[in-house]
Each structure stands twice: as C-alpha cells, then as structure tokens.
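A.B. asks: Supplied structure: model_37.tsv, TSV, C-alpha atoms.
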```tsv
chain	number	residue	atom	x	y	z
F	1	MET	CA	-13.65	13.42	23.40
F	2	ASN	CA	-17.26	12.28	22.94
F	3	GLN	CA	-18.00	15.43	20.94
F	4	ALA	CA	-14.96	14.78	18.73
F	5	THR	CA	-16.05	11.16	18.19
F	6	GLY	CA	-19.56	12.31	17.34
F	7	PHE	CA	-18.20	14.81	14.83
F	8	LEU	CA	-16.08	12.14	13.16
F	9	ASN	CA	-18.95	9.67	12.99
F	10	LYS	CA	-21.25	12.29	11.48
F	11	TYR	CA	-19.04	14.19	9.06
F	12	VAL	CA	-15.80	12.27	8.43
F	13	VAL	CA	-16.54	8.55	8.61
F	14	PRO	CA	-19.54	8.36	6.19
F	15	PRO	CA	-17.81	9.91	3.15
F	16	LEU	CA	-14.63	7.93	3.75
F	17	THR	CA	-16.66	4.74	4.12
F	18	VAL	CA	-18.39	5.45	0.82
F	19	LEU	CA	-14.99	6.13	-0.76
F	20	SER	CA	-13.58	2.89	0.62
F	21	GLU	CA	-16.52	0.87	-0.75
F	22	ASN	CA	-16.51	2.61	-4.14
F	23	THR	CA	-16.29	0.09	-6.99
F	24	TYR	CA	-13.31	1.78	-8.60
F	25	MET	CA	-11.43	2.13	-5.32
F	26	LYS	CA	-12.05	-1.52	-4.50
F	27	ALA	CA	-10.66	-2.52	-7.89
F	28	ILE	CA	-7.55	-0.38	-7.41
F	29	ARG	CA	-7.00	-1.82	-3.94
F	30	ALA	CA	-7.47	-5.41	-5.11
F	31	GLY	CA	-5.25	-4.82	-8.14
F	32	MET	CA	-2.44	-3.39	-6.03
F	33	VAL	CA	-2.63	-6.30	-3.59
F	34	ALA	CA	-2.48	-8.83	-6.43
F	35	ILE	CA	0.95	-7.66	-7.59
F	36	VAL	CA	2.54	-7.78	-4.12
F	37	PRO	CA	4.06	-11.28	-4.71
F	38	LEU	CA	5.83	-9.96	-7.80
F	39	THR	CA	7.46	-7.11	-5.89
F	40	ILE	CA	8.47	-9.46	-3.07
F	41	ILE	CA	10.24	-11.76	-5.53
F	42	GLY	CA	12.02	-8.81	-7.09
F	43	GLY	CA	12.89	-7.59	-3.61
F	44	PHE	CA	14.44	-10.93	-2.67
F	45	PHE	CA	16.94	-10.63	-5.49
F	46	MET	CA	17.57	-7.01	-4.50
F	47	ILE	CA	18.61	-8.17	-1.02
F	48	VAL	CA	21.03	-10.71	-2.48
F	49	ALA	CA	22.47	-8.19	-4.94
F	50	TYR	CA	22.97	-5.35	-2.47
F	51	MET	CA	23.78	-6.94	0.88
F	52	PRO	CA	25.39	-4.30	3.16
F	53	ILE	CA	28.24	-6.63	4.10
F	54	PRO	CA	31.88	-5.55	3.82
F	55	GLY	CA	33.38	-7.01	0.65
F	56	TRP	CA	30.01	-8.21	-0.67
F	57	GLU	CA	29.86	-5.57	-3.42
F	58	GLU	CA	33.15	-6.72	-4.95
F	59	TRP	CA	32.27	-10.39	-4.66
F	60	VAL	CA	28.81	-10.07	-6.23
F	61	GLU	CA	29.75	-7.61	-8.99
F	62	PRO	CA	30.32	-10.29	-11.70
F	63	TYR	CA	26.86	-11.72	-10.99
F	64	LEU	CA	24.94	-8.41	-10.83
F	65	PRO	CA	23.57	-8.61	-14.40
F	66	LEU	CA	22.07	-12.02	-13.62
F	67	LEU	CA	20.70	-10.96	-10.22
F	68	GLU	CA	19.05	-7.88	-11.69
F	69	ILE	CA	17.04	-9.84	-14.28
F	70	PRO	CA	14.18	-10.69	-11.85
F	71	ASN	CA	14.19	-7.06	-10.73
F	72	LYS	CA	13.81	-5.87	-14.33
F	73	ALA	CA	11.05	-8.44	-14.89
F	74	THR	CA	9.08	-7.21	-11.85
F	75	PHE	CA	9.81	-3.58	-10.98
F	76	GLY	CA	10.88	-2.82	-14.53
F	77	LEU	CA	7.41	-3.83	-15.81
F	78	LEU	CA	5.43	-2.70	-12.79
F	79	SER	CA	2.93	-0.55	-14.69
F	80	ILE	CA	2.05	-3.42	-17.01
F	81	PHE	CA	1.13	-5.70	-14.13
F	82	VAL	CA	-0.82	-2.95	-12.36
F	83	CYS	CA	-2.79	-2.09	-15.49
F	84	PHE	CA	-3.84	-5.68	-16.16
F	85	SER	CA	-4.56	-6.45	-12.49
F	86	ILE	CA	-6.78	-3.42	-11.85
F	87	ALA	CA	-8.69	-3.82	-15.12
F	88	TYR	CA	-9.16	-7.52	-14.33
F	89	ASN	CA	-10.60	-6.76	-10.89
F	90	LEU	CA	-12.82	-3.94	-12.15
F	91	GLY	CA	-14.05	-6.21	-14.93
F	92	LYS	CA	-15.08	-8.73	-12.28
F	93	GLU	CA	-16.86	-5.97	-10.32
F	94	PHE	CA	-18.76	-5.05	-13.49
F	95	LYS	CA	-19.63	-8.71	-14.25
F	96	GLN	CA	-17.57	-8.65	-17.45
F	97	GLU	CA	-15.12	-11.22	-18.75
F	98	ALA	CA	-12.24	-10.17	-16.49
F	99	VAL	CA	-9.41	-11.57	-18.60
F	100	VAL	CA	-10.73	-9.67	-21.62
F	101	SER	CA	-10.91	-6.48	-19.51
F	102	GLY	CA	-7.28	-6.90	-18.46
F	103	SER	CA	-6.10	-7.73	-22.00
F	104	MET	CA	-7.87	-4.74	-23.53
F	105	ALA	CA	-6.46	-2.38	-20.92
F	106	LEU	CA	-2.97	-3.78	-21.45
F	107	LEU	CA	-3.20	-3.26	-25.20
F	108	ILE	CA	-4.29	0.37	-24.84
F	109	PHE	CA	-1.64	1.09	-22.20
F	110	LEU	CA	1.17	-0.37	-24.30
F	111	MET	CA	-0.04	1.41	-27.41
F	112	ILE	CA	0.09	4.88	-25.86
F	113	GLN	CA	3.59	4.21	-24.49
F	114	ILE	CA	5.07	3.83	-27.98
F	115	ASP	CA	7.59	6.56	-28.74
F	116	ILE	CA	6.88	7.75	-32.29
F	117	ASN	CA	10.10	9.74	-32.24
F	118	SER	CA	12.16	6.56	-32.18
F	119	GLU	CA	12.92	4.97	-35.52
F	120	GLU	CA	11.92	1.48	-34.36
F	121	LEU	CA	8.81	2.66	-32.44
F	122	LEU	CA	10.17	1.59	-29.07
F	123	PHE	CA	8.40	2.20	-25.78
F	124	THR	CA	8.98	5.55	-24.12
F	125	PRO	CA	11.85	5.17	-21.59
F	126	GLY	CA	10.60	4.78	-18.03
F	127	SER	CA	6.98	4.30	-19.06
F	128	LEU	CA	6.63	0.63	-18.15
F	129	ASP	CA	8.09	0.76	-14.66
F	130	SER	CA	6.80	2.92	-11.79
F	131	GLY	CA	6.93	6.00	-14.04
F	132	GLY	CA	3.78	4.91	-15.88
F	133	LEU	CA	1.88	3.75	-12.81
F	134	PHE	CA	-0.76	6.48	-12.71
F	135	THR	CA	-1.41	6.19	-16.43
F	136	ALA	CA	-1.80	2.43	-16.03
F	137	ILE	CA	-4.44	2.94	-13.34
F	138	LEU	CA	-6.33	5.49	-15.44
F	139	ILE	CA	-6.33	3.27	-18.52
F	140	ALA	CA	-7.48	0.24	-16.52
F	141	LEU	CA	-10.46	2.14	-15.09
F	142	ILE	CA	-11.48	3.69	-18.41
F	143	VAL	CA	-11.22	0.46	-20.41
F	144	ALA	CA	-13.31	-1.61	-17.99
F	145	ARG	CA	-15.91	1.17	-17.80
F	146	VAL	CA	-16.13	1.44	-21.61
F	147	GLN	CA	-16.39	-2.34	-21.91
F	148	LYS	CA	-19.35	-2.36	-19.53
F	149	PHE	CA	-21.02	0.56	-21.35
F	150	PHE	CA	-20.87	-1.23	-24.71
F	151	THR	CA	-22.15	-4.45	-23.11
F	152	ASP	CA	-25.04	-2.72	-21.32
F	153	LYS	CA	-26.06	-0.92	-24.50
F	154	SER	CA	-25.74	-4.14	-26.55
F	155	LEU	CA	-23.18	-2.46	-28.80
F	156	ILE	CA	-21.31	-5.71	-29.26
F	157	ILE	CA	-21.16	-8.53	-31.78
F	158	LYS	CA	-23.41	-11.32	-30.52
F	159	LEU	CA	-22.86	-14.87	-31.65
F	160	PRO	CA	-25.19	-17.86	-31.17
F	161	GLU	CA	-25.26	-19.33	-27.66
F	162	ASN	CA	-23.82	-22.66	-28.80
F	163	VAL	CA	-20.55	-20.93	-29.77
F	164	PRO	CA	-17.70	-21.64	-27.27
F	165	SER	CA	-17.50	-18.95	-24.61
F	166	VAL	CA	-13.91	-18.07	-25.53
F	167	VAL	CA	-14.94	-17.28	-29.10
F	168	TYR	CA	-18.07	-15.45	-27.92
F	169	GLU	CA	-16.14	-13.17	-25.55
F	170	SER	CA	-13.43	-12.40	-28.09
F	171	PHE	CA	-16.00	-11.20	-30.65
F	172	ALA	CA	-17.99	-9.37	-27.97
F	173	SER	CA	-14.89	-7.30	-27.15
F	174	LEU	CA	-14.17	-6.39	-30.77
F	175	ILE	CA	-16.29	-3.22	-31.09
F	176	PRO	CA	-15.38	-1.70	-27.68
F	177	LEU	CA	-11.72	-2.48	-28.33
F	178	LEU	CA	-11.86	-0.84	-31.76
F	179	PHE	CA	-13.44	2.23	-30.19
F	180	LEU	CA	-10.76	2.40	-27.49
F	181	VAL	CA	-7.89	1.97	-29.93
F	182	ILE	CA	-9.19	4.74	-32.20
F	183	ALA	CA	-9.98	7.07	-29.28
F	184	PHE	CA	-6.58	6.74	-27.59
F	185	TRP	CA	-4.76	6.76	-30.95
F	186	LEU	CA	-6.37	10.12	-31.69
F	187	ILE	CA	-5.66	11.52	-28.21
F	188	ARG	CA	-2.08	10.34	-27.92
F	189	PHE	CA	-0.68	10.45	-31.45
F	190	VAL	CA	-2.93	12.69	-33.55
F	191	LEU	CA	-3.58	15.37	-30.92
F	192	GLY	CA	-0.21	14.74	-29.23
F	193	VAL	CA	-1.48	14.62	-25.64
F	194	ASP	CA	1.19	13.20	-23.33
F	195	ILE	CA	-1.03	11.25	-20.95
F	196	ASN	CA	1.88	10.26	-18.69
F	197	SER	CA	2.92	13.86	-18.11
F	198	LEU	CA	-0.70	14.93	-17.68
F	199	MET	CA	-1.28	12.36	-14.93
F	200	GLN	CA	1.97	13.18	-13.16
F	201	THR	CA	1.17	16.89	-13.21
F	202	ALA	CA	-2.37	16.36	-11.94
F	203	LEU	CA	-1.22	14.19	-9.04
F	204	SER	CA	2.03	16.00	-8.27
F	205	PRO	CA	0.70	17.78	-5.12
F	206	LEU	CA	-0.24	14.43	-3.57
F	207	VAL	CA	2.95	12.73	-4.78
F	208	VAL	CA	5.15	15.47	-3.34
F	209	GLY	CA	3.12	15.90	-0.16
F	210	LEU	CA	3.20	12.29	0.99
F	211	ASP	CA	7.00	12.29	1.03
F	212	THR	CA	7.14	15.24	3.41
F	213	LEU	CA	6.96	15.00	7.19
F	214	PRO	CA	3.71	17.04	7.45
F	215	GLY	CA	2.15	15.00	4.65
F	216	ILE	CA	2.97	11.58	6.07
F	217	LEU	CA	1.97	12.74	9.57
F	218	LEU	CA	-1.43	13.78	8.22
F	219	TYR	CA	-1.78	10.38	6.57
F	220	THR	CA	-0.80	8.62	9.81
F	221	PHE	CA	-3.26	10.71	11.78
F	222	MET	CA	-6.10	9.90	9.38
F	223	VAL	CA	-5.39	6.16	9.34
F	224	THR	CA	-5.22	5.81	13.13
F	225	LEU	CA	-8.14	8.15	13.73
F	226	LEU	CA	-10.34	6.12	11.40
F	227	TRP	CA	-9.29	2.89	13.13
F	228	SER	CA	-10.13	4.52	16.46
F	229	VAL	CA	-13.76	4.95	15.45
F	230	GLY	CA	-14.10	1.48	13.95
F	231	ILE	CA	-13.19	2.10	10.29
F	232	ASN	CA	-10.31	0.16	8.73
F	233	GLY	CA	-8.10	3.18	8.13
F	234	ASP	CA	-5.55	1.31	6.05
F	235	ASN	CA	-8.18	0.01	3.64
F	236	ALA	CA	-9.98	3.36	3.47
F	237	MET	CA	-6.79	5.17	2.42
F	238	ASP	CA	-4.97	2.42	0.49
F	239	ALA	CA	-6.64	2.89	-2.86
F	240	ILE	CA	-5.44	6.51	-2.88
F	241	VAL	CA	-1.94	6.19	-1.42
F	242	ALA	CA	-0.82	2.65	-2.31
F	243	PRO	CA	0.06	3.53	-5.93
F	244	ILE	CA	2.10	6.50	-4.71
F	245	PHE	CA	4.02	4.49	-2.12
F	246	LEU	CA	4.64	1.81	-4.75
F	247	MET	CA	5.89	4.45	-7.18
F	248	TYR	CA	8.29	5.70	-4.48
F	249	LEU	CA	9.53	2.14	-3.98
F	250	GLY	CA	10.11	1.65	-7.70
F	251	ALA	CA	12.11	4.88	-7.84
F	252	ASN	CA	14.21	3.78	-4.87
F	253	VAL	CA	14.87	0.42	-6.53
F	254	ASP	CA	16.01	2.18	-9.70
F	255	ALA	CA	18.28	4.43	-7.65
F	256	ILE	CA	19.94	1.59	-5.75
F	257	THR	CA	20.65	-0.33	-8.97
F	258	GLN	CA	22.29	2.75	-10.46
F	259	GLY	CA	24.32	3.53	-7.35
F	260	GLU	CA	22.45	6.78	-6.68
F	261	PRO	CA	20.96	8.12	-3.40
F	262	LEU	CA	17.47	6.84	-2.68
F	263	PRO	CA	15.06	9.71	-3.43
F	264	TYR	CA	12.03	8.79	-1.29
F	265	VAL	CA	11.67	8.35	2.47
F	266	THR	CA	8.08	7.15	2.66
F	267	ALA	CA	8.31	4.41	0.04
F	268	LEU	CA	6.25	1.24	0.45
F	269	GLY	CA	7.40	-0.35	3.69
F	270	PHE	CA	7.86	2.89	5.60
F	271	PHE	CA	4.39	2.86	7.12
F	272	THR	CA	3.63	-0.86	7.17
F	273	THR	CA	6.95	-1.76	8.80
F	274	PHE	CA	8.36	1.23	10.67
F	275	VAL	CA	5.07	2.74	11.91
F	276	ASN	CA	2.73	-0.26	12.19
F	277	VAL	CA	4.98	-2.09	14.64
F	278	GLY	CA	2.94	-5.11	15.69
F	279	GLY	CA	-0.06	-3.68	13.85
F	280	THR	CA	-1.46	-0.22	13.26
F	281	GLY	CA	-0.80	2.01	16.27
F	282	ALA	CA	2.15	-0.13	17.45
F	283	THR	CA	-0.19	-2.06	19.73
F	284	ILE	CA	2.38	-4.78	20.39
F	285	ALA	CA	3.65	-2.34	23.02
F	286	LEU	CA	0.28	-2.39	24.75
F	287	ALA	CA	0.22	-6.19	24.70
F	288	LEU	CA	3.65	-6.28	26.35
F	289	ILE	CA	2.47	-3.91	29.08
F	290	LEU	CA	-0.63	-5.99	29.75
F	291	TRP	CA	1.27	-9.30	29.77
F	292	ASN	CA	1.49	-9.21	33.59
F	293	SER	CA	-1.44	-6.90	34.27
F	294	LYS	CA	-3.08	-7.17	37.69
F	295	GLU	CA	-6.47	-7.19	36.01
F	296	PRO	CA	-7.23	-10.74	34.73
F	297	GLY	CA	-9.20	-9.66	31.68
F	298	LEU	CA	-6.55	-7.28	30.40
F	299	ARG	CA	-3.83	-9.81	31.13
F	300	LYS	CA	-5.65	-12.49	29.12
F	301	VAL	CA	-6.24	-10.20	26.13
F	302	GLY	CA	-2.60	-9.12	26.16
F	303	ARG	CA	-1.31	-12.70	26.16
F	304	VAL	CA	-3.84	-14.08	23.67
F	305	SER	CA	-3.18	-11.27	21.19
F	306	MET	CA	0.62	-11.50	21.32
F	307	PRO	CA	1.08	-14.35	18.77
F	308	THR	CA	-0.91	-12.48	16.13
F	309	GLN	CA	0.79	-9.15	16.84
F	310	ILE	CA	4.18	-10.69	16.19
F	311	PHE	CA	2.87	-11.00	12.64
F	312	GLN	CA	1.46	-7.45	12.56
F	313	ILE	CA	-2.18	-8.48	13.14
F	314	ASN	CA	-3.68	-6.60	16.07
F	315	GLU	CA	-7.47	-7.07	15.80
F	316	PRO	CA	-7.61	-9.31	18.92
F	317	ILE	CA	-6.27	-6.59	21.20
F	318	PHE	CA	-7.85	-3.75	19.23
F	319	PHE	CA	-11.36	-5.10	19.67
F	320	GLY	CA	-10.68	-7.22	22.78
F	321	ILE	CA	-9.89	-4.40	25.22
F	322	PRO	CA	-11.22	-2.51	23.17
F	323	ILE	CA	-9.24	0.38	21.75
F	324	VAL	CA	-11.94	1.29	19.25
F	325	LEU	CA	-14.21	4.07	20.59
F	326	ASN	CA	-12.26	4.02	23.86
F	327	PRO	CA	-11.26	7.66	24.58
F	328	LEU	CA	-8.59	6.58	27.09
F	329	LEU	CA	-6.67	4.41	24.59
F	330	MET	CA	-7.44	6.34	21.43
F	331	VAL	CA	-4.94	9.01	22.53
F	332	PRO	CA	-1.84	6.78	22.85
F	333	TYR	CA	-2.98	4.75	19.84
F	334	VAL	CA	-2.83	7.79	17.57
F	335	PHE	CA	0.12	9.45	19.32
F	336	SER	CA	2.39	6.39	19.23
F	337	ALA	CA	1.93	6.09	15.46
F	338	MET	CA	2.63	9.81	15.06
F	339	ALA	CA	5.77	9.55	17.20
F	340	LEU	CA	7.15	6.60	15.23
F	341	THR	CA	6.34	8.32	11.96
F	342	THR	CA	8.25	11.42	13.04
F	343	GLY	CA	11.24	9.51	14.42
F	344	THR	CA	11.55	7.20	11.42
F	345	TYR	CA	11.14	9.99	8.90
F	346	LEU	CA	13.85	12.13	10.51
F	347	LEU	CA	16.28	9.21	10.81
F	348	MET	CA	15.82	8.36	7.14
F	349	TYR	CA	15.87	12.00	6.06
F	350	TRP	CA	19.17	12.50	7.88
F	351	GLN	CA	20.38	9.19	6.36
F	352	VAL	CA	21.01	7.59	9.74
F	353	ILE	CA	19.10	4.51	8.59
F	354	GLN	CA	18.52	3.30	5.04
F	355	ARG	CA	15.34	4.25	3.24
F	356	PRO	CA	12.99	1.45	2.08
F	357	PHE	CA	13.84	-0.28	-1.18
F	358	VAL	CA	13.00	-3.95	-0.51
F	359	PRO	CA	9.32	-4.98	-0.35
F	360	VAL	CA	8.40	-7.58	2.26
F	361	PRO	CA	5.00	-9.00	3.28
F	362	TRP	CA	3.23	-6.70	5.73
F	363	THR	CA	2.97	-9.66	8.12
F	364	THR	CA	6.76	-9.83	8.55
F	365	PRO	CA	7.54	-9.57	12.29
F	366	PRO	CA	8.93	-6.28	13.63
F	367	ILE	CA	12.72	-5.87	13.73
F	368	ILE	CA	13.09	-8.58	11.07
F	369	GLY	CA	10.94	-6.44	8.80
F	370	HIS	CA	12.96	-3.34	9.69
F	371	TYR	CA	16.13	-5.14	8.70
F	372	LEU	CA	14.82	-6.53	5.41
F	373	VAL	CA	12.93	-3.46	4.16
F	374	SER	CA	16.08	-1.34	4.53
F	375	GLY	CA	18.12	-3.89	2.59
F	376	GLY	CA	19.85	-5.33	5.64
F	377	ASP	CA	20.64	-2.15	7.59
F	378	TRP	CA	21.36	-3.23	11.18
F	379	LYS	CA	20.67	0.30	12.41
F	380	ALA	CA	17.11	-0.03	11.11
F	381	ALA	CA	16.71	-3.23	13.14
F	382	VAL	CA	17.98	-1.43	16.25
F	383	TRP	CA	15.47	1.34	15.57
F	384	GLY	CA	12.78	-1.35	15.45
F	385	VAL	CA	13.67	-2.36	19.01
F	386	VAL	CA	13.78	1.28	20.14
F	387	SER	CA	10.40	1.89	18.46
F	388	ILE	CA	8.76	-0.75	20.64
F	389	PHE	CA	10.15	0.85	23.80
F	390	ILE	CA	8.99	4.29	22.64
F	391	ALA	CA	5.49	2.92	22.11
F	392	ILE	CA	5.60	1.21	25.52
F	393	ALA	CA	6.49	4.55	27.15
F	394	ILE	CA	3.53	6.22	25.42
F	395	TYR	CA	0.99	3.50	26.22
F	396	TYR	CA	2.15	2.78	29.80
F	397	PRO	CA	0.42	5.56	31.78
F	398	PHE	CA	-2.84	5.08	29.88
F	399	ALA	CA	-2.72	1.30	30.32
F	400	LYS	CA	-2.19	1.70	34.05
F	401	ILE	CA	-5.12	4.09	34.32
F	402	LEU	CA	-7.28	1.57	32.47
F	403	GLU	CA	-6.06	-1.23	34.73
F	404	ARG	CA	-6.83	0.82	37.86
F	405	GLN	CA	-10.32	1.64	36.57
F	406	ARG	CA	-11.07	-2.02	35.84
F	407	LEU	CA	-9.85	-3.12	39.28
F	408	GLN	CA	-11.96	-0.45	40.98
F	409	GLU	CA	-15.01	-1.50	39.00
F	410	GLU	CA	-14.44	-5.16	39.92
F	411	ALA	CA	-13.97	-4.26	43.59
F	412	ALA	CA	-17.17	-2.20	43.57
F	413	ALA	CA	-19.10	-5.02	41.90
F	414	ALA	CA	-17.78	-7.52	44.46
F	415	THR	CA	-18.85	-5.24	47.35
F	416	GLU	CA	-22.36	-4.88	45.97
```
Let me see the structure of the file written as structure tokens.
C.D. replies:
Amino acid sequence: MNQATGFLNKYVVPPLTVLSENTYMKAIRAGMVAIVPLTIIGGFFMIVAYMPIPGWEEWVEPYLPLLEIPNKATFGLLSIFVCFSIAYNLGKEFKQEAVVSGSMALLIFLMIQIDINSEELLFTPGSLDSGGLFTAILIALIVARVQKFFTDKSLIIKLPENVPSVVYESFASLIPLLFLVIAFWLIRFVLGVDINSLMQTALSPLVVGLDTLPGILLYTFMVTLLWSVGINGDNAMDAIVAPIFLMYLGANVDAITQGEPLPYVTALGFFTTFVNVGGTGATIALALILWNSKEPGLRKVGRVSMPTQIFQINEPIFFGIPIVLNPLLMVPYVFSAMALTTGTYLLMYWQVIQRPFVPVPWTTPPIIGHYLVSGGDWKAAVWGVVSIFIAIAIYYPFAKILERQRLQEEAAAATE
C-alpha cells in the first residue's frame, strides 16, 4: 500500500494538481458552479410538472405550457449562460473587464449559431440548450484569451484616463471584438465549418464513455483515489466532466418533456447524490458505525461529523480519523463508492429506478436527494436507504480493526 501511495504521489497527483489549478480549468469550474442556481430553479418546476403521482399527469396537463416556461428559460438556454459565465470568470483570472469578456463571448457564440439556411436567419435548433455546451465553453475560452492578448500587446483603442470607465472599456474591446467577429464569421459561414459538430465529434469518446459502467467506475475510482491521498478529487475532475454530466442532464430534461425515455444514466446528480452518500466515499456509513465506538476518539469524531455529513460534507471525519493516507480506510473508502456506482448504474440501466432529470443542490441530505433527483421516485429513496447499509457493511470490518488497534495502542501507552 505504501508503494502504491508513493507511486500516486510521484506520478499521478502532480499532473492532476497542475490540471486542477490551471487557469482555464478553474474558469470552467467556476463558470459551471455559477449556473447551478438556474438549473435548480428549472428543476423545481420540472418536479411540479412531472410528479409521479397517480392522476397527476391528467390534472396538470392544462398547466404544462406554463410550468415548462421556466424550464425553457433555464435548460433551454443553458449554453448561453455557460458561455457568459465561463468567459466572465476567465476574464477575471486574466485581470480583464469580466463583463466585457462575457458579453463578447456571448456575441460570438450567438453569431455562429445562426442558421443561414433558414429564411429568417434563426438559431440552429438545439444549439442554445445542452447541445451547444461544448461550443460555448470553447468560445468562452478563446474570446477571453484573445481579449487578453490584444490588451497585453496594446492593440486597443485607448482613451484619456478621465473618461468614465464604462466608456473606456467599451472602446478598449472594439478592436479585439472586430477581430473575433471577422475570424469566426470566416470560419463558420465563409469556410462552412460546423463548430458544434466538430466539438461533439472531438469529445464523443469521453461523452460516450462516461455513460457506460466501465467509464463511470473509472471516474469514481479516480475521484476517491485522489481524495485518499489528500487531493480534492471532485475539484480535480470537475472541470473535465461537469459539462458532460450537465449535457446528459439537459438531454434527460428534454426527453421527459417530450414523453420519451431518458437517454443518460450518469446525468448530473448520479454521482453527487447516489454515490456520494453523506459525502464522497459514502462516509456517513463510517460515522454511523463509530457513533458508539468503544474508542473515545473515534466515537467523538463520528458524532461531531454527523451533522455535516447529513448535508454531504465529510471533511470532519475524512481528516479527523483520518481517512486520507490511511491504508486501512482507503480500501473501504474507494470500494464503497465503486459498489454504489455499480448498483445504482445497473438499477437505472434496467429501469428499476428513474434516471436523474432534476438538479438539486449537492448538499441535499441523502434519501431526500435520491427522491428529488429522480423526480419523486420512491424506489430511488428506498435505494438511498439500502445504499447506506451497503456502505456500512463495507466499512464495518475495517472500522472494527481500526478501533481494536487504537484500543491496543491506548492500553500499551497506559501500561508504559
């Protein structure tokens, strides 16, 4: 185990740490987090519109057009919000006027989504929702980078210092914006490059892979393994996978509104709710085991950490025992997450429980979160209870070994 930890610390952790702290990755992560409230609001109306209650569908049918308006205003325009948010955050990282960065990116993104084959130059169908997500991210990164390049090289219109800052920034953005408009106009409309299709093709292996059992198991393994050696695995991987999980969620939302089967199992909410039960690694199970531990220190950590773990925050127990760099607890920590990933995936794949289509805050307590994310599926809530018992069964023998070791060490210290 020590050799494995040494290998990870030497070869795996450093590059992933660099990736996690990369300016562009930080901007993507911050941008994705910023739009979470919008998806939650849209999700609330989704719950009301599609309650799995007998007779509800007939009762709510006259009101569906009204209830779906917030959904169309959030999920239906998802790529727009993502584009502005990421460009805004990257602009801040680059010390640019962030609002200008976001506005420029939004202009370019909307311009390349215009369908020149339509008589009224409408937007390409499906380009503003989750279908244009990857293009939105690409445009946001390019625009903010170009803005910084023009600023650093002083290729901007400079006005006197006594001019109001709003006017100064608007003129400063004129030349880089003109360059971007011409460049993307040439690429998209003169050369005919379909940027949306290009991005989807380039990322298709990752998009397809993360919705398979082997793919999501590999992701789960990486996240928990990184946490085990002291790296925030969720943050390290989020900038890469969060847009994909969000795209899955948007597709599931579209499917439920059209009365079609939900296409994706691992949509946003799968991992944060069904796998991270009480925090990454389902550590609420460990806290429950230690609640009446014979060893005072473990018992105290288990009880003190319980209130936070109800809301999916497990740092107190993770670093209090600790689990990090603890070979004895690293095994059940990783294995419990892998087991819940496998069980949840198969249940959703076999359509025993509903796939995620309602976004909820990641701090939503277990069981409640299971129920809400699945759109009110009681079987998902039952699976949430079963998940905790599965995790307890996995952690129990390791927790008892740890308890016995601590008691023996205390007895030896008392004898000396």
A.B. asks: Can you build me a table of segment 246-337 of chain F residues sitting at most 8 Å from segment 114-134 of chain F, with the closest atom pair per residue and its distance in Å to one decimal, using all atoms listed in the file, sorted by chain and residue number, as CSV?
C.D. replies:
```
residue,atom,partner,partner_atom,distance
F:Leu246,CA,F:Ser130,CA,7.4
F:Met247,CA,F:Ser130,CA,4.9
F:Tyr248,CA,F:Ser130,CA,8.0
F:Gly250,CA,F:Ser130,CA,5.4
F:Ala251,CA,F:Ser130,CA,6.9
```
A.B. asks: Just give me the gap between atom CA of Ser173 of chain F and atom CA of Gly31 of chain F in Å, one decimal is fine.
C.D. replies: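 Here the two named atoms are 21.5 Å from each other.
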A.B. asks: For Pro70 of chain F, please output as a list in words all residues within 12 Å (counting all atoms listed in the file; exclusion window: fewer than 2 positions along the same chain).
C.D. replies: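 Once the nearby chain positions are removed, what remains is Leu38, Thr39, Ile40, Ile41, Gly42, Gly43, Phe44, Phe45, Met46, Ile47, Val48, Ala49, Leu64, Pro65, Leu66, Leu67, Glu68, Lys72, Ala73, Thr74, Phe75, Gly76, Leu77 and Leu78 of chain F.
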A.B. asks: For each of F:Met104, F:Val146, F:Val60, F:Val385, take the minimum atom-to-atom distance to Cys83 of chain F, counting all atoms listed in the file, then give the residue where this is smallest.
C.D. replies: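 Of the candidates, the smallest distance to Cys83 of chain F is held by F:Met104.
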A.B. asks: Taking only C-alpha atoms into account, which of F:Val275, F:Ala183, F:Val33, F:Leu249 comes nearest Thr344 of chain F?
C.D. replies: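 Selected residue with least distance to Thr344 of chain F: F:Val275.
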A.B. asks: Have a look at F:Phe189, F:Tyr264, F:Trp227, F:Phe335 and name the one nearest to Phe398 of chain F; count only C-alpha atoms.
C.D. replies: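 For Phe398 of chain F, the nearest of the candidates is F:Phe335.
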A.B. asks: Quick one: distance from atom CA of Val207 of chain F to atom CA of Phe271 of chain F in Å, one decimal?
C.D. replies: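 Taking atom CA of Val207 of chain F as the start and atom CA of Phe271 of chain F as the end point, the length is 15.5 Å.
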A.B. asks: So, with all atoms listed in the file as the atoms that count, which of F:Thr23, F:Asn232, F:Thr283, F:Ser79 lies closest to Arg145 of chain F?
C.D. replies: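 Closest candidate: F:Thr23.
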A.B. asks: What gap, in Å, lies between atom CA of Val334 of chain F and atom CA of Ile394 of chain F?
C.D. replies: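 Going from atom CA of Val334 of chain F over to atom CA of Ile394 of chain F, I get 10.2 Å.
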A.B. asks: Have a look at F:Phe270, F:Tyr63, F:Phe318, F:Tyr333 and name the one nearest to Ile353 of chain F; count all atoms listed in the file.
C.D. replies: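 Looking only at the distances to Ile353 of chain F, the closest residue turns out to be F:Phe270.
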A.B. asks: Write out as a list in words which residues come within 9 Å of Val382 of chain F when counting only C-alpha atoms, dropping same-chain ones fewer than 6 positions away.
C.D. replies: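 The neighbour list is Ile367, His370 and Tyr371 of chain F.
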